[in-house]
>>> print(open('coords-v3.cif').read())   # mmCIF, C-alpha atoms and all ligand atoms
data_data
loop_
_atom_site.label_atom_id
_atom_site.label_comp_id
_atom_site.auth_asym_id
_atom_site.auth_seq_id
_atom_site.Cartn_x
_atom_site.Cartn_y
_atom_site.Cartn_z
CA MET A 299 0.00 0.00 0.00
CA ILE A 300 1.17 3.58 -0.72
CA THR A 301 2.25 5.36 2.46
CA PRO A 302 -0.08 8.30 3.11
CA SER A 303 1.30 11.73 4.03
CA GLN A 304 0.99 13.06 7.57
CA ALA A 305 -1.76 15.45 6.40
CA GLU A 306 -3.69 12.55 4.88
CA VAL A 307 -3.48 10.51 8.08
CA ARG A 308 -4.66 13.48 10.16
CA MET A 309 -7.51 14.06 7.72
CA ALA A 310 -8.54 10.37 7.95
CA ILE A 311 -8.67 10.73 11.76
CA ALA A 312 -10.73 13.94 11.50
CA GLU A 313 -13.18 12.18 9.17
CA ALA A 314 -13.42 8.97 11.23
CA GLN A 315 -16.98 7.76 11.69
CA THR A 316 -16.17 5.19 14.35
CA ILE A 317 -13.43 6.15 16.76
CA VAL A 318 -11.90 4.27 19.70
CA VAL A 319 -10.35 6.48 22.38
CA LYS A 320 -8.15 5.01 25.09
CA VAL A 321 -7.42 7.07 28.18
CA GLY A 322 -4.80 5.97 30.70
CA SER A 323 -4.88 6.24 34.48
CA SER A 324 -2.19 8.92 34.37
CA SER A 325 -4.53 11.22 32.41
CA LEU A 326 -7.43 10.86 34.81
CA THR A 327 -5.64 11.31 38.11
CA ALA A 328 -4.33 14.13 40.27
CA SER A 329 -0.71 14.12 41.49
CA SER A 330 -1.92 12.23 44.58
CA GLY A 331 -2.87 9.29 42.32
CA HIS A 332 -6.59 9.75 43.04
CA LEU A 333 -9.15 10.21 40.27
CA ASP A 334 -9.44 13.86 39.24
CA PRO A 335 -13.06 14.71 38.25
CA GLU A 336 -11.96 17.88 36.45
CA ARG A 337 -9.71 15.95 34.08
CA LEU A 338 -12.45 13.39 33.50
CA ASN A 339 -15.02 16.13 32.76
CA ALA A 340 -12.67 17.84 30.29
CA LEU A 341 -12.18 14.55 28.43
CA VAL A 342 -15.92 13.90 28.33
CA ALA A 343 -16.52 17.39 26.87
CA ALA A 344 -14.20 16.55 23.95
CA LEU A 345 -15.75 13.11 23.39
CA ALA A 346 -19.32 14.43 23.62
CA ARG A 347 -18.54 16.97 20.92
CA VAL A 348 -17.53 14.23 18.49
CA ARG A 349 -20.52 12.08 19.47
CA LEU A 350 -22.97 14.99 19.04
CA MET A 351 -21.53 15.65 15.57
CA GLY A 352 -22.60 12.11 14.64
CA GLY A 353 -19.40 10.14 15.39
CA ARG A 354 -19.59 6.68 16.96
CA VAL A 355 -17.34 6.87 20.02
CA VAL A 356 -16.02 3.95 22.06
CA LEU A 357 -14.05 4.85 25.19
CA VAL A 358 -11.53 2.44 26.67
CA SER A 359 -10.87 3.89 30.11
CA SER A 360 -8.42 2.88 32.81
CA GLY A 361 -8.76 4.47 36.24
CA ALA A 362 -10.71 1.92 38.30
CA ILE A 363 -7.82 1.26 40.68
CA ALA A 364 -7.10 4.99 40.95
CA ALA A 365 -10.78 5.65 41.72
CA GLY A 366 -10.96 2.91 44.36
CA PHE A 367 -7.78 2.75 46.41
CA GLY A 368 -8.57 5.83 48.53
CA SER A 369 -11.94 4.54 49.71
CA LEU A 370 -10.36 1.23 50.75
CA GLY A 371 -7.88 3.04 52.99
CA PHE A 372 -4.71 2.79 50.87
CA SER A 373 -2.57 5.94 50.87
CA SER A 374 -1.18 5.19 47.40
CA ARG A 375 -1.94 2.83 44.53
CA PRO A 376 -1.26 -0.72 45.82
CA THR A 377 1.18 -2.99 43.99
CA ASP A 378 -0.14 -6.35 45.23
CA VAL A 379 -2.40 -7.90 42.56
CA ALA A 380 -5.16 -8.94 44.98
CA ASP A 381 -5.21 -5.42 46.48
CA GLN A 382 -5.40 -3.94 42.99
CA GLN A 383 -8.28 -6.29 42.11
CA ALA A 384 -10.17 -5.26 45.24
CA CYS A 385 -9.54 -1.55 44.51
CA ALA A 386 -10.71 -2.03 40.92
CA ALA A 387 -13.91 -3.73 42.16
CA VAL A 388 -14.70 -0.68 44.31
CA GLY A 389 -13.32 1.89 41.90
CA GLN A 390 -15.00 0.70 38.68
CA GLY A 391 -18.44 1.67 40.01
CA LEU A 392 -17.16 5.05 41.19
CA LEU A 393 -15.48 5.64 37.82
CA MET A 394 -18.65 4.79 35.90
CA ALA A 395 -20.75 7.02 38.16
CA GLN A 396 -18.50 9.95 37.23
CA TYR A 397 -18.72 9.13 33.53
CA GLU A 398 -22.50 8.72 33.71
CA THR A 399 -22.93 12.15 35.30
CA ALA A 400 -20.45 13.80 32.95
CA PHE A 401 -21.98 12.38 29.73
CA ALA A 402 -25.53 13.04 30.98
CA ARG A 403 -24.76 16.79 30.87
CA TYR A 404 -24.72 16.38 27.08
CA GLY A 405 -27.79 14.11 27.03
CA LEU A 406 -25.64 11.05 26.33
CA ARG A 407 -25.94 7.54 27.80
CA VAL A 408 -22.99 5.32 28.59
CA GLY A 409 -22.78 1.51 28.73
CA GLN A 410 -20.14 -0.41 30.68
CA ILE A 411 -18.31 -3.44 29.25
CA LEU A 412 -15.65 -5.20 31.30
CA LEU A 413 -13.44 -7.67 29.47
CA THR A 414 -10.71 -10.11 30.33
CA ALA A 415 -8.00 -11.09 27.85
CA SER A 416 -9.57 -14.56 27.57
CA ASP A 417 -12.89 -13.01 26.45
CA THR A 418 -11.12 -11.60 23.41
CA MET A 419 -9.59 -15.03 22.62
CA GLN A 420 -12.79 -17.12 22.63
CA PRO A 421 -14.82 -16.97 19.41
CA GLN A 422 -18.20 -17.05 21.20
CA GLN A 423 -17.35 -14.27 23.66
CA TYR A 424 -15.74 -12.26 20.89
CA ARG A 425 -18.94 -12.42 18.85
CA ASN A 426 -21.01 -11.42 21.89
CA VAL A 427 -18.77 -8.43 22.63
CA ARG A 428 -18.96 -7.36 19.02
CA ARG A 429 -22.76 -7.63 18.90
CA THR A 430 -23.21 -5.67 22.13
CA LEU A 431 -20.81 -2.92 21.06
CA ASP A 432 -22.47 -2.60 17.64
CA ARG A 433 -25.91 -2.35 19.21
CA LEU A 434 -24.81 0.19 21.83
CA LEU A 435 -23.32 2.35 19.05
CA ASP A 436 -26.43 1.96 16.88
CA LEU A 437 -28.49 3.15 19.85
CA GLY A 438 -26.31 6.23 20.22
CA ALA A 439 -24.70 5.28 23.53
CA VAL A 440 -21.01 5.59 24.37
CA PRO A 441 -19.60 2.18 25.37
CA ILE A 442 -16.99 2.47 28.13
CA ILE A 443 -14.64 -0.50 28.32
CA ASN A 444 -12.10 -1.52 30.93
CA GLU A 445 -10.27 -4.72 31.69
CA ASN A 446 -12.22 -6.78 34.20
CA ASP A 447 -9.41 -6.47 36.74
CA SER A 448 -11.21 -8.37 39.47
CA LEU A 449 -11.53 -11.48 37.27
CA ALA A 450 -8.36 -11.28 35.21
CA SER A 451 -5.82 -13.94 36.20
CA ASN A 452 -2.15 -13.11 36.62
CA GLU A 453 -1.15 -15.31 33.70
CA ILE A 454 -3.42 -13.80 31.09
CA ARG A 455 -4.21 -10.19 31.74
CA PHE A 456 -3.64 -7.13 29.65
CA GLY A 457 -2.60 -5.14 32.75
CA ASP A 458 -2.67 -1.97 30.72
CA ASN A 459 -5.54 -1.07 28.39
CA ASP A 460 -3.39 -0.12 25.39
CA ARG A 461 -3.42 -3.49 23.60
CA LEU A 462 -7.06 -4.02 24.56
CA SER A 463 -7.95 -0.72 22.84
CA ALA A 464 -6.32 -1.87 19.58
CA LEU A 465 -8.32 -5.13 19.69
CA ILE A 466 -11.50 -3.15 20.35
CA ALA A 467 -10.67 -0.96 17.33
CA ASN A 468 -10.59 -4.17 15.27
CA ILE A 469 -13.82 -5.49 16.77
CA VAL A 470 -15.82 -2.32 16.01
CA VAL A 471 -14.03 -1.82 12.66
CA ALA A 472 -12.90 1.62 13.83
CA ASP A 473 -11.67 4.29 11.44
CA ALA A 474 -9.24 5.73 14.00
CA LEU A 475 -7.62 4.91 17.35
CA VAL A 476 -6.78 7.73 19.78
CA LEU A 477 -4.33 6.94 22.60
CA LEU A 478 -4.45 9.53 25.38
CA THR A 479 -1.75 9.60 28.01
CA ASP A 480 0.24 12.05 30.15
CA VAL A 481 2.81 13.02 27.48
CA ASP A 482 1.87 15.15 24.49
CA ALA A 483 3.52 12.84 21.94
CA LEU A 484 5.92 10.02 21.25
CA TYR A 485 9.49 11.18 21.78
CA THR A 486 12.75 9.80 20.40
CA ALA A 487 13.50 8.65 23.97
CA PRO A 488 11.63 8.84 27.32
CA PRO A 489 10.86 12.57 27.79
CA SER A 490 12.82 12.62 31.05
CA GLN A 491 15.95 12.45 28.84
CA PRO A 492 16.96 16.07 28.01
CA ASP A 493 17.85 15.45 24.34
CA SER A 494 14.62 13.58 23.46
CA LYS A 495 12.61 15.11 20.60
CA ARG A 496 8.95 14.97 19.70
CA ILE A 497 8.01 12.79 16.71
CA ALA A 498 5.03 14.23 14.82
CA TYR A 499 4.55 11.48 12.23
CA VAL A 500 5.38 7.77 12.11
CA PRO A 501 4.82 6.47 8.56
CA ASN A 502 5.75 2.89 9.51
CA VAL A 503 5.51 1.95 13.17
CA GLU A 504 7.30 -1.38 12.62
CA ASP A 505 10.38 0.42 11.27
CA ALA A 506 10.14 3.09 13.97
CA LEU A 507 10.24 0.50 16.76
CA SER A 508 13.96 -0.04 16.20
CA ARG A 509 14.74 3.69 16.14
CA VAL A 510 12.77 4.98 19.13
CA GLU A 511 13.81 4.37 22.70
CA VAL A 512 10.61 3.48 24.49
CA GLY A 513 10.42 3.13 28.23
CA GLY A 514 7.95 2.10 30.89
CA SER A 515 5.49 4.28 32.72
CA GLY A 516 6.78 7.65 33.86
CA SER A 517 4.07 8.00 36.51
CA ASN A 518 3.29 5.85 39.53
CA VAL A 519 -0.26 5.21 38.30
CA GLY A 520 0.24 4.16 34.64
CA THR A 521 1.08 0.57 33.78
CA GLY A 522 2.35 -0.13 30.30
CA GLY A 523 4.37 3.00 29.50
CA MET A 524 5.22 3.69 25.86
CA VAL A 525 6.01 0.04 25.08
CA THR A 526 2.38 -1.08 25.11
CA LYS A 527 1.21 2.12 23.35
CA MET A 528 3.62 1.42 20.48
CA GLU A 529 2.32 -2.15 20.37
CA ALA A 530 -1.28 -0.82 20.20
CA ALA A 531 -0.29 1.57 17.41
CA ARG A 532 1.40 -1.34 15.60
CA VAL A 533 -1.68 -3.59 15.80
CA ALA A 534 -3.82 -0.69 14.55
CA ALA A 535 -1.40 0.11 11.70
CA VAL A 536 -1.22 -3.52 10.56
CA SER A 537 -5.04 -3.63 10.72
CA GLY A 538 -5.30 -0.61 8.43
CA ILE A 539 -6.33 1.81 11.20
CA PRO A 540 -4.59 5.22 11.66
CA SER A 541 -3.84 6.24 15.21
CA VAL A 542 -2.83 9.33 17.14
CA LEU A 543 -1.05 9.47 20.48
CA THR A 544 -1.20 12.61 22.63
CA CYS A 545 -2.12 13.92 26.08
CA ALA A 546 -5.72 13.98 27.25
CA ALA A 547 -5.81 17.79 27.13
CA ASN A 548 -5.25 17.52 23.36
CA ALA A 549 -8.10 15.01 22.83
CA GLY A 550 -10.35 17.52 21.03
CA PRO A 551 -7.72 18.89 18.61
CA ALA A 552 -6.34 15.36 17.97
CA MET A 553 -9.80 14.11 16.91
CA MET A 554 -10.24 17.20 14.69
CA GLY A 555 -7.02 16.41 12.81
CA ASP A 556 -5.02 19.33 14.25
CA PRO A 557 -1.23 18.96 14.28
CA VAL A 558 -0.84 17.71 17.85
CA GLY A 559 0.76 14.54 19.21
CA THR A 560 2.13 11.76 17.05
CA VAL A 561 0.17 10.19 14.21
CA PHE A 562 0.82 6.65 12.99
CA ALA A 563 -0.07 5.76 9.41
CA PRO A 564 -1.83 2.49 8.58
CA ILE A 565 0.67 0.12 6.94
CA LYS A 566 -1.74 -2.42 5.48
CA ASP A 567 -5.17 -2.28 3.92
CA ARG A 568 -8.03 -3.11 6.21
CA GLY A 569 -8.70 -6.84 6.62
CA SER A 570 -12.03 -8.30 7.69
CA SER A 571 -12.73 -8.08 11.39
CA ARG A 572 -12.73 -11.89 11.60
CA ARG A 573 -9.31 -12.26 9.99
CA LEU A 574 -7.94 -9.54 12.28
CA TRP A 575 -9.30 -11.46 15.24
CA ILE A 576 -7.66 -14.69 14.06
CA GLY A 577 -4.36 -12.85 13.60
CA PHE A 578 -4.23 -10.83 16.81
CA ALA A 579 -6.55 -12.20 19.45
CA ALA A 580 -7.48 -15.82 18.84
CA HIS A 581 -5.68 -18.17 21.24
CA PRO A 582 -4.35 -21.31 19.47
CA PHE A 583 -5.33 -24.58 21.18
CA GLY A 584 -3.13 -26.87 19.08
CA THR A 585 -0.91 -27.23 16.03
CA LEU A 586 -1.17 -28.74 12.57
CA VAL A 587 2.26 -29.58 11.13
CA ALA A 588 2.43 -29.04 7.37
CA ASP A 589 4.80 -30.98 5.07
CA GLU A 590 7.12 -29.04 2.74
CA GLY A 591 4.64 -28.74 -0.14
CA ALA A 592 1.75 -27.64 2.08
CA ALA A 593 4.01 -25.19 3.94
CA GLN A 594 4.96 -23.59 0.64
CA ALA A 595 1.30 -23.37 -0.41
CA VAL A 596 0.31 -21.79 2.93
CA ARG A 597 3.17 -19.27 2.69
CA GLY A 598 1.79 -18.20 -0.71
CA GLY A 599 -1.22 -16.82 1.16
CA GLN A 600 -3.98 -18.15 -1.12
CA ALA A 601 -4.23 -21.86 -0.31
CA SER A 602 -6.33 -23.80 2.17
CA LEU A 603 -4.54 -26.36 4.35
CA LEU A 604 -5.54 -29.82 3.08
CA ALA A 605 -5.26 -33.04 5.10
CA ALA A 606 -3.04 -34.47 2.33
CA GLY A 607 -0.28 -32.02 3.30
CA VAL A 608 -0.45 -32.40 7.08
CA VAL A 609 1.86 -34.83 8.87
CA GLU A 610 0.92 -34.34 12.52
CA VAL A 611 -1.73 -32.88 14.80
CA ARG A 612 -0.91 -31.69 18.32
CA GLY A 613 -3.10 -30.52 21.18
CA GLY A 614 -6.80 -30.91 21.88
CA PHE A 615 -9.22 -28.58 20.10
CA SER A 616 -12.71 -28.42 18.63
CA ALA A 617 -13.77 -27.41 15.15
CA GLY A 618 -13.80 -23.59 15.07
CA ASP A 619 -10.93 -23.21 17.56
CA ALA A 620 -7.74 -21.42 16.52
CA VAL A 621 -4.66 -23.53 15.78
CA TRP A 622 -1.09 -22.84 14.72
CA ILE A 623 0.02 -24.08 11.34
CA ASP A 624 3.74 -24.95 11.65
CA ASP A 625 6.31 -26.28 9.21
CA GLU A 626 8.24 -29.44 10.08
CA ALA A 627 11.08 -27.36 11.56
CA GLY A 628 8.63 -25.94 14.13
CA ASN A 629 8.26 -22.43 12.65
CA HIS A 630 4.82 -20.82 12.91
CA LEU A 631 3.56 -20.13 9.39
CA ALA A 632 -0.02 -19.12 10.05
CA LYS A 633 -2.89 -19.14 12.48
CA GLY A 634 -6.23 -20.51 11.39
CA LEU A 635 -9.55 -21.87 12.54
CA ALA A 636 -9.70 -25.68 12.46
CA GLY A 637 -12.44 -27.25 10.35
CA PHE A 638 -12.49 -30.44 12.50
CA ASP A 639 -12.06 -31.58 16.10
CA SER A 640 -8.49 -32.68 16.88
CA GLU A 641 -9.62 -36.33 17.45
CA GLU A 642 -11.07 -36.55 13.94
CA ILE A 643 -7.91 -35.42 12.20
CA PRO A 644 -5.38 -38.34 12.54
CA GLN A 645 -7.46 -40.64 10.28
CA MET A 646 -7.56 -37.84 7.65
CA LEU A 647 -3.82 -37.13 7.48
CA GLY A 648 -2.09 -37.71 4.14
CA ARG A 649 -5.37 -38.40 2.30
CA ASN A 650 -6.49 -36.38 -0.70
CA THR A 651 -10.07 -35.14 -1.11
CA ALA A 652 -11.20 -38.14 -3.20
CA GLN A 653 -9.80 -40.60 -0.63
CA LEU A 654 -11.38 -38.70 2.26
CA LYS A 655 -14.74 -38.89 0.52
CA ARG A 656 -14.41 -42.61 -0.32
CA PHE A 657 -13.02 -43.85 3.03
CA LEU A 658 -14.51 -41.44 5.56
CA GLY A 659 -17.53 -39.90 3.82
CA GLU A 660 -18.57 -36.63 2.20
CA GLU A 661 -18.41 -34.66 5.47
CA TYR A 662 -14.63 -35.21 5.67
CA ALA A 663 -13.89 -34.02 2.12
CA HIS A 664 -13.01 -30.48 3.29
CA PRO A 665 -9.78 -28.60 4.13
CA LEU A 666 -8.44 -28.86 7.68
CA VAL A 667 -8.23 -25.04 7.58
CA HIS A 668 -10.06 -23.13 4.86
CA ARG A 669 -8.10 -20.23 3.32
CA ASP A 670 -10.77 -17.73 4.45
CA ASN A 671 -9.98 -18.75 8.03
CA LEU A 672 -6.21 -18.61 7.71
CA VAL A 673 -3.93 -15.67 8.49
CA LEU A 674 -0.17 -15.66 7.88
CA VAL A 675 1.98 -14.69 10.87
N1 LIG B 1 9.82 7.42 23.86
C1 LIG B 1 8.87 7.87 24.73
N2 LIG B 1 8.08 8.90 24.38
C2 LIG B 1 7.11 9.38 25.21
N3 LIG B 1 6.86 8.85 26.43
C3 LIG B 1 7.61 7.79 26.86
C4 LIG B 1 8.64 7.26 26.02
N4 LIG B 1 9.19 6.21 26.67
C5 LIG B 1 8.56 6.11 27.86
N5 LIG B 1 7.61 7.06 28.01
C6 LIG B 1 6.76 7.20 29.20
O1 LIG B 1 5.46 6.62 28.96
C7 LIG B 1 4.55 7.28 29.86
C8 LIG B 1 3.10 7.00 29.48
O2 LIG B 1 2.76 5.69 29.85
P1 LIG B 1 1.85 5.34 31.14
O3 LIG B 1 2.43 6.01 32.35
O4 LIG B 1 1.67 3.87 31.17
O5 LIG B 1 0.52 6.11 30.79
P2 LIG B 1 -1.01 5.69 30.76
O6 LIG B 1 -1.48 5.68 32.17
O7 LIG B 1 -1.58 6.79 29.95
O8 LIG B 1 -1.14 4.35 30.09
C9 LIG B 1 4.97 8.71 29.75
O9 LIG B 1 4.63 9.46 30.89
C10 LIG B 1 6.50 8.66 29.58
O10 LIG B 1 7.17 8.92 30.78
N1 LIG B 2 -7.65 -1.64 34.45
C1 LIG B 2 -6.83 -0.80 35.29
C2 LIG B 2 -5.88 -0.09 34.38
C3 LIG B 2 -4.48 -0.33 34.59
C4 LIG B 2 -3.69 0.88 34.09
O1 LIG B 2 -3.24 1.67 34.89
O2 LIG B 2 -3.59 1.04 32.74
P1 LIG B 2 -2.91 2.30 31.99
O3 LIG B 2 -3.20 3.54 32.71
O4 LIG B 2 -3.60 2.24 30.67
O5 LIG B 2 -1.45 2.03 31.88
C5 LIG B 2 -7.68 0.27 36.00
O6 LIG B 2 -8.76 0.57 35.55
O7 LIG B 2 -7.22 0.79 37.01
#
>>> encode(input="coords-v3.cif", output="structure tokens", more="lines below")
Ligand SMILES: Nc1ncnc2c1ncn2[C@@H]1O[C@H](COP(=O)(O)OP(=O)(O)O)[C@@H](O)[C@H]1O
Ligand SMILES: N[C@@H](CCC(=O)OP(=O)(O)O)C(=O)O
Amino acid sequence: MITPSQAEVRMAIAEAQTIVVKVGSSSLTASSGHLDPERLNALVAALARVRLMGGRVVLVSSGAIAAGFGSLGFSSRPTDVADQQACAAVGQGLLMAQYETAFARYGLRVGQILLTASDTMQPQQYRNVRRTLDRLLDLGAVPIINENDSLASNEIRFGDNDRLSALIANIVVADALVLLTDVDALYTAPPSQPDSKRIAYVPNVEDALSRVEVGGSGSNVGTGGMVTKMEAARVAAVSGIPSVLTCAANAGPAMMGDPVGTVFAPIKDRGSSRRLWIGFAAHPFGTLVADEGAAQAVRGGQASLLAAGVVEVRGGFSAGDAVWIDDEAGNHLAKGLAGFDSEEIPQMLGRNTAQLKRFLGEEYAHPLVHRDNLVLV
């Protein structure tokens, strides 16, 4: 795809119909670490403006722990995971109450959706989330999403909301992703370093990753720092979605396409939401090992994976689950949705379509992974 100019990317953001905005804890809190209603109200004013002009706005908001730790008697944000989960359980309600009041001033309704990382990996939950978000947007409400901190397990949790926001942008087929934080832009190095310089435009975020020095959170309330924001911008760019990173005070100008913050150009054309899900979110439950010929066909990007070219099946999965497709050396070639349960596959291996039909029946004469359900990695 031809790389757009900075002006074109900013224009695409200004014209976005569906927009996902992620705001970090550091942008919603006072220096004490507690939630700051004034900062929240200022953000809502900017979002309401876009919504009232007809935009479909999804807000991914952190801040539950910040909103809750004070009322549970902690003097600062706790670091123990169980404490954080308890604070989030108390704080999420308080956070939503503030949002409800703030959006109501503009006659707007909000709807809360709490997600764990595993919800985004399971096809059924993914479809449910997508349906609910679409309906909320159709009804004119502003969905407000946060990680379900109280349920998220240590092993699989986003921790920050940056990567979650990029997945949500895929789910709602967003036209733009806005990442709001406590720095006005991406810098060549953490802004605490005196010689770091603001970057206004990143034409290819994958190339930029090797040239920018990104660090962790600069505040004691944020979680992912710039590392996870760059990863979110990368997922968006690869999904064909432009993004802008700036501070919350610049939310309005950033969404209007003004020259603030850092904009990231899309680096691929938009894929279907389902293929994006397979590529970025689906959790593989097993592996199909392709022989040399099948591996070559899969690498070409147009072929289905046929049983004739598969030498081994690993793991336990059901039809519809995601699986890795590996070559015989163990390299991941692609991710795809299996057409059969793992127990059905061994009897199919090495057989061509005619043999599958003759020996096992018509219902087995299909690819193990259809090309529409296969995404190269
Ligand atoms: N190259 C960089 N450019 C800008 N900020 C950076 C960079 N590297 C690290 N940071 C830090 O990332 C922080 C933002 O991340 P974080 O504190 O997690 O915010 P949030 O709560 O918004 O997610 C900034 O305050 C800054 O100190
Ligand atoms: N889900 C947590 C967010 C964790 C967090 O701080 O994330 P971020 O500010 O995006 O780095 C909360 O609501 O407090």
>>> atom_distance(input="coords-v3.cif", atom1="CA of Tyr662 in chain A", atom2="CA of Gln645 in chain A")
10.1 Å
>>> residues_near_ligand(input="coords-v3.cif", ligand="ligand LIG 2 (chain B)", cutoff="8 Å", atoms="only C-alpha atoms and all ligand atoms", output="count of residues only")
32
>>> atom_distance(input="coords-v3.cif", atom1="CA of Arg354 in chain A", atom2="CA of Pro501 in chain A")
25.8 Å
>>> atom_distance(input="coords-v3.cif", atom1="CA of Ile539 in chain A", atom2="CA of Ala601 in chain A")
26.4 Å
>>> axis_aligned_box(input="coords-v3.cif", around="ligand LIG 1 (chain B)", padding_each_side="5 Å", output="AutoDock Vina command-line options")
--center_x 4.1 --center_y 6.7 --center_z 28.1 --size_x 21.4 --size_y 15.6 --size_z 18.5
>>> closest_residue(input="coords-v3.cif", among="A:Thr651, A:Ser508, A:Asn502, A:Thr430", to="ligand LIG 1 (chain B)", atoms="only C-alpha atoms and all ligand atoms")
A:Ser508
>>> residues_near_point(input="coords-v3.cif", point="(0.4, -27.2, 17.3)", cutoff="6 Å", atoms="all atoms listed in the file", output="PyMOL selection string")
chain A and resi 584-586+612+622
>>> closest_residue(input="coords-v3.cif", among="A:Glu529, A:Asp670, A:Glu511, A:Asp639", to="ligand LIG 1 (chain B)", atoms="all atoms listed in the file")
A:Glu511
>>> closest_residue(input="coords-v3.cif", among="A:His630, A:Arg649, A:Lys495, A:Arg428", to="ligand LIG 1 (chain B)", atoms="all atoms listed in the file")
A:Lys495
>>> closest_residue(input="coords-v3.cif", among="A:Gly598, A:Pro551, A:Gly513, A:Gly607", to="ligand LIG 1 (chain B)", atoms="only C-alpha atoms and all ligand atoms")
A:Gly513
>>> closest_residue(input="coords-v3.cif", among="A:Pro488, A:Gly368, A:Gly405, A:Gly352", to="ligand LIG 1 (chain B)", atoms="only C-alpha atoms and all ligand atoms")
A:Pro488
>>> closest_residue(input="coords-v3.cif", among="A:Thr414, A:Ser463, A:Gln423, A:Thr544", to="Leu478 in chain A", atoms="all atoms listed in the file")
A:Thr544
>>> residues_around(input="coords-v3.cif", residues="Ala592 in chain A", least_positions_apart="2", cutoff="8 Å", atoms="all atoms listed in the file", output="list in words")
Ala588, Asp589, Glu590, Gln594, Ala595, Val596, Leu603, Leu604, Gly607 and Val608 of chain A
>>> residues_near_point(input="coords-v3.cif", point="(-8.9, 0.6, 17.7)", cutoff="8 Å", atoms="all atoms listed in the file", output="list in words")
Ile317, Val318, Val319, Ser463, Ala464, Leu465, Ile466, Ala467, Asn468, Ile469, Val470, Val471, Ala472, Asp473, Ala474, Leu475, Val476, Ala534, Ile539 and Ser541 of chain A
